[in-house]
Amino acid sequence: DAMVIQNPRYQVTQFGKPVTLSCSQTLNHNVMYWYQQKSSQAPKLLFHYYDKDFNNEADTPDNFQSRRPNTSFCFLDIRSPGLGDAAMYLCATSQRSYNEQFFGPGTRLTVL
Amino acid sequence: EDQVTQSPEALRLQEGESSSLNCSYTVSGLRGLFWYRQDPGKGPEFLFTLYSAGEEKEKERLKATLTKKESFLHITAPKPEDSATYLCAVQAGNQGGKLIFGQGTELSVKP
């Protein structure tokens, strides 16, 4: 089945220790998104790629970066995680910008 | 500012007791309104897309409707497995497909 896969499902890191979250898709979609969802809150867009074109939300902290080496994979790098970065990180894909988005299962990040 | 408000925040129903969830929105140039279901600890699962006022979509016990200011998700004769958080989101023009989500309605259906 075509799907969006996120690894790991659970990530524990220490304050200030860099961490990388991974997303892959078998849908062959052009657009990949990263959302942050804190406990009992709505998902909030961090950035997205349309093919190789990177689009950063204005209020995304500089601490967050992303890479998309090919169509199938996208990575979220958190350079120096703080306690406030503990959240569920959701990857989503869509065929085009204004189509429905399909989400992966998420990575739950804990910062100690 | 583009905004989505969902009500109620939480809804408790008995099995078979039909009800509706509300999603009110203010957005510049609506490109689409989306409903998702989210189970605890999981990613949102796509349910419906609505594009224009008057449009309706149905799937099993769920029916979504859209007006110029709000959308409703009607749940007919719900079952315990319908228990989840239901998220509404909008896409506005010239924002590259960004989804702006409401806070969600947490639905609990008791047998």
# chains A, B, ... in the order shown; residues from 1 in each chain; ligands from 1
>>> residues_around(residues="Trp34 of chain A", least_positions_apart="5", cutoff="6 Å", atoms="only C-alpha atoms", output="ChimeraX atom specification")
/A:46-47,90-91
>>> closest_atom_pairs(of="chain A", to="chain B", cutoff="9 Å", atoms="only C-alpha atoms", output="tab-separated table")
residue	atom	partner	partner_atom	distance
A:Tyr33	CA	B:Lys98	CA	8.5
A:Ser40	CA	B:Gln103	CA	7.8
A:Gln41	CA	B:Gln103	CA	5.9
A:Ala42	CA	B:Gln103	CA	4.9
A:Pro43	CA	B:Phe101	CA	6.5
A:Lys44	CA	B:Ile100	CA	7.4
A:Leu45	CA	B:Lys98	CA	6.9
A:Phe47	CA	B:Lys98	CA	8.9
A:His48	CA	B:Lys98	CA	8.4
A:Tyr50	CA	B:Gly96	CA	8.5
A:Asn55	CA	B:Gly96	CA	8.5
A:Met88	CA	B:Gly41	CA	8.2
A:Leu90	CA	B:Gly43	CA	6.6
A:Cys91	CA	B:Gly43	CA	8.6
A:Ser94	CA	B:Gly97	CA	8.9
A:Arg96	CA	B:Gly97	CA	8.1
A:Ser97	CA	B:Gly97	CA	4.4
A:Tyr98	CA	B:Gly97	CA	4.8
A:Asn99	CA	B:Gly97	CA	7.5
A:Glu100	CA	B:Thr49	CA	6.9
A:Gln101	CA	B:Phe46	CA	7.4
A:Phe102	CA	B:Phe46	CA	6.5
A:Phe103	CA	B:Gly43	CA	5.7
A:Gly104	CA	B:Gly43	CA	5.6
A:Pro105	CA	B:Gly43	CA	4.4
A:Gly106	CA	B:Gly43	CA	5.5
A:Thr107	CA	B:Lys42	CA	9.0
A:Arg108	CA	B:Gly41	CA	8.1
>>> residues_around(residues="Ala87 of chain A", least_positions_apart="5", cutoff="9 Å", atoms="only C-alpha atoms", output="PyMOL selection string")
chain A and resi 36-39+107-110
>>> write_last_selection(atoms="C-alpha atoms", output="mmCIF file, in the first residue's frame")
data_model
loop_
_atom_site.group_PDB
_atom_site.id
_atom_site.type_symbol
_atom_site.label_atom_id
_atom_site.label_comp_id
_atom_site.auth_asym_id
_atom_site.auth_seq_id
_atom_site.Cartn_x
_atom_site.Cartn_y
_atom_site.Cartn_z
ATOM 1 C CA GLN A 36 4.616 20.329 14.754
ATOM 2 C CA GLN A 37 1.781 19.307 17.086
ATOM 3 C CA LYS A 38 2.117 19.993 20.791
ATOM 4 C CA SER A 39 -0.068 18.280 23.340
ATOM 5 C CA THR A 107 7.379 10.975 15.615
ATOM 6 C CA ARG A 108 6.933 11.743 19.296
ATOM 7 C CA LEU A 109 9.976 13.761 20.466
ATOM 8 C CA THR A 110 10.876 13.921 24.145
#
>>> closest_residue(among="A:Val31, A:Ala92, A:Val4, A:Val12", to="Phe54 of chain A", atoms="only C-alpha atoms")
A:Val31
>>> residues_around(residues="Gln65 of chain A", least_positions_apart="3", cutoff="7 Å", atoms="only C-alpha atoms", output="list of chain:residue names")
A:Leu76, A:Asp77, A:Ile78
>>> write_last_selection(atoms="C-alpha atoms", output="mmCIF file, in the first residue's frame")
data_model
loop_
_atom_site.group_PDB
_atom_site.id
_atom_site.type_symbol
_atom_site.label_atom_id
_atom_site.label_comp_id
_atom_site.auth_asym_id
_atom_site.auth_seq_id
_atom_site.Cartn_x
_atom_site.Cartn_y
_atom_site.Cartn_z
ATOM 1 C CA LEU A 76 13.736 17.394 9.856
ATOM 2 C CA ASP A 77 16.847 18.490 11.741
ATOM 3 C CA ILE A 78 16.598 20.132 15.146
#
>>> atom_distance(atom1="atom CA of Gln14 of chain B", atom2="atom CA of Leu66 of chain B")
25.9 Å
>>> atom_distance(atom1="atom CA of Glu1 of chain B", atom2="atom CA of Asn56 of chain A")
18.5 Å
>>> atom_distance(atom1="atom CA of Thr105 of chain B", atom2="atom CA of Thr76 of chain B")
16.2 Å
>>> select_by_dssp(residues="segment 23-102 of chain A", states="strand (DSSP E or B)", output="PyMOL selection string")
chain A and resi 23-25+31-37+44-50+53-56+64-67+73-78+87-94+102
>>> residues_around(residues="Thr26 of chain B", least_positions_apart="6", cutoff="8 Å", atoms="only C-alpha atoms", output="PyMOL selection string")
chain B and resi 1-4+69
>>> write_last_selection(atoms="all heavy atoms", output="CSV table (one decimal), in the first residue's frame")
chain,number,residue,atom,x,y,z
B,1,GLU,N,-6.7,38.0,9.6
B,1,GLU,CA,-5.9,36.8,9.8
B,1,GLU,C,-6.8,35.6,9.6
B,1,GLU,O,-7.9,35.5,10.0
B,1,GLU,CB,-5.3,36.8,11.2
B,1,GLU,CG,-4.5,35.6,11.5
B,1,GLU,CD,-4.0,35.6,13.0
B,1,GLU,OE1,-4.2,36.6,13.7
B,1,GLU,OE2,-3.5,34.5,13.4
B,2,ASP,N,-6.2,34.6,8.9
B,2,ASP,CA,-7.0,33.3,8.6
B,2,ASP,C,-7.1,32.6,10.0
B,2,ASP,O,-6.2,32.4,10.7
B,2,ASP,CB,-6.2,32.5,7.6
B,2,ASP,CG,-6.1,33.2,6.3
B,2,ASP,OD1,-7.0,34.0,5.9
B,2,ASP,OD2,-5.0,33.0,5.6
B,3,GLN,N,-8.4,32.1,10.2
B,3,GLN,CA,-8.6,31.5,11.5
B,3,GLN,C,-9.7,30.4,11.3
B,3,GLN,O,-10.6,30.5,10.5
B,3,GLN,CB,-9.1,32.5,12.5
B,3,GLN,CG,-9.1,32.1,13.9
B,3,GLN,CD,-9.3,33.3,14.8
B,3,GLN,OE1,-9.5,34.4,14.4
B,3,GLN,NE2,-9.3,33.0,16.1
B,4,VAL,N,-9.5,29.3,12.1
B,4,VAL,CA,-10.5,28.2,12.2
B,4,VAL,C,-10.9,27.9,13.6
B,4,VAL,O,-10.0,27.8,14.5
B,4,VAL,CB,-9.9,26.9,11.5
B,4,VAL,CG1,-10.9,25.8,11.6
B,4,VAL,CG2,-9.5,27.2,10.1
B,69,LYS,N,-19.4,30.3,5.6
B,69,LYS,CA,-18.7,30.7,6.8
B,69,LYS,C,-18.4,29.5,7.7
B,69,LYS,O,-17.6,29.6,8.7
B,69,LYS,CB,-19.6,31.6,7.6
B,69,LYS,CG,-19.8,33.0,7.0
B,69,LYS,CD,-20.6,33.9,7.8
B,69,LYS,CE,-20.7,35.3,7.2
B,69,LYS,NZ,-21.5,36.2,8.1
>>> residues_around(residues="Leu112 of chain A", least_positions_apart="6", cutoff="10 Å", atoms="only C-alpha atoms", output="ChimeraX atom specification")
/A:12-17,81-83,86
>>> write_last_selection(atoms="N, CA, C and O atoms", output="mmCIF file, in the first residue's frame")
data_model
loop_
_atom_site.group_PDB
_atom_site.id
_atom_site.type_symbol
_atom_site.label_atom_id
_atom_site.label_comp_id
_atom_site.auth_asym_id
_atom_site.auth_seq_id
_atom_site.Cartn_x
_atom_site.Cartn_y
_atom_site.Cartn_z
ATOM 1 N N VAL A 12 13.914 10.104 21.947
ATOM 2 C CA VAL A 12 14.268 10.803 23.176
ATOM 3 C C VAL A 12 15.647 11.412 22.985
ATOM 4 O O VAL A 12 16.571 10.733 22.529
ATOM 5 N N THR A 13 15.782 12.687 23.273
ATOM 6 C CA THR A 13 17.072 13.343 23.164
ATOM 7 C C THR A 13 17.311 14.206 24.392
ATOM 8 O O THR A 13 16.387 14.466 25.173
ATOM 9 N N GLN A 14 18.546 14.648 24.526
ATOM 10 C CA GLN A 14 18.891 15.523 25.639
ATOM 11 C C GLN A 14 18.857 16.972 25.190
ATOM 12 O O GLN A 14 19.047 17.286 24.004
ATOM 13 N N PHE A 15 18.622 17.842 26.127
ATOM 14 C CA PHE A 15 18.623 19.271 25.861
ATOM 15 C C PHE A 15 19.892 19.652 25.101
ATOM 16 O O PHE A 15 21.003 19.355 25.534
ATOM 17 N N GLY A 16 19.728 20.281 23.937
ATOM 18 C CA GLY A 16 20.862 20.741 23.157
ATOM 19 C C GLY A 16 21.506 19.721 22.248
ATOM 20 O O GLY A 16 22.392 20.072 21.453
ATOM 21 N N LYS A 17 21.092 18.465 22.309
ATOM 22 C CA LYS A 17 21.703 17.426 21.461
ATOM 23 C C LYS A 17 20.948 17.317 20.139
ATOM 24 O O LYS A 17 19.740 17.012 20.130
ATOM 25 N N PRO A 81 17.851 21.068 20.439
ATOM 26 C CA PRO A 81 16.495 20.965 20.997
ATOM 27 C C PRO A 81 16.384 21.557 22.394
ATOM 28 O O PRO A 81 17.249 21.326 23.255
ATOM 29 N N GLY A 82 15.312 22.313 22.594
ATOM 30 C CA GLY A 82 14.978 22.807 23.918
ATOM 31 C C GLY A 82 13.764 22.073 24.447
ATOM 32 O O GLY A 82 13.098 21.324 23.715
ATOM 33 N N LEU A 83 13.459 22.295 25.728
ATOM 34 C CA LEU A 83 12.321 21.615 26.329
ATOM 35 C C LEU A 83 11.022 21.952 25.597
ATOM 36 O O LEU A 83 10.109 21.119 25.505
ATOM 37 N N ALA A 86 9.592 19.672 22.595
ATOM 38 C CA ALA A 86 8.942 18.382 22.792
ATOM 39 C C ALA A 86 7.549 18.437 22.176
ATOM 40 O O ALA A 86 6.749 19.331 22.488
#
>>> residues_around(residues="Ile75 of chain B", least_positions_apart="3", cutoff="9 Å", atoms="only C-alpha atoms", output="list in words")
Glu17, Ser18, Ser19, Ser20, Leu21, Arg61, Leu62, Lys63, Ala64, Pro78 and Asp82 of chain B
>>> closest_residue(among="B:Pro40, B:Gly54, B:Gly29, B:Pro111", to="Lys79 of chain B", atoms="only C-alpha atoms")
B:Pro111
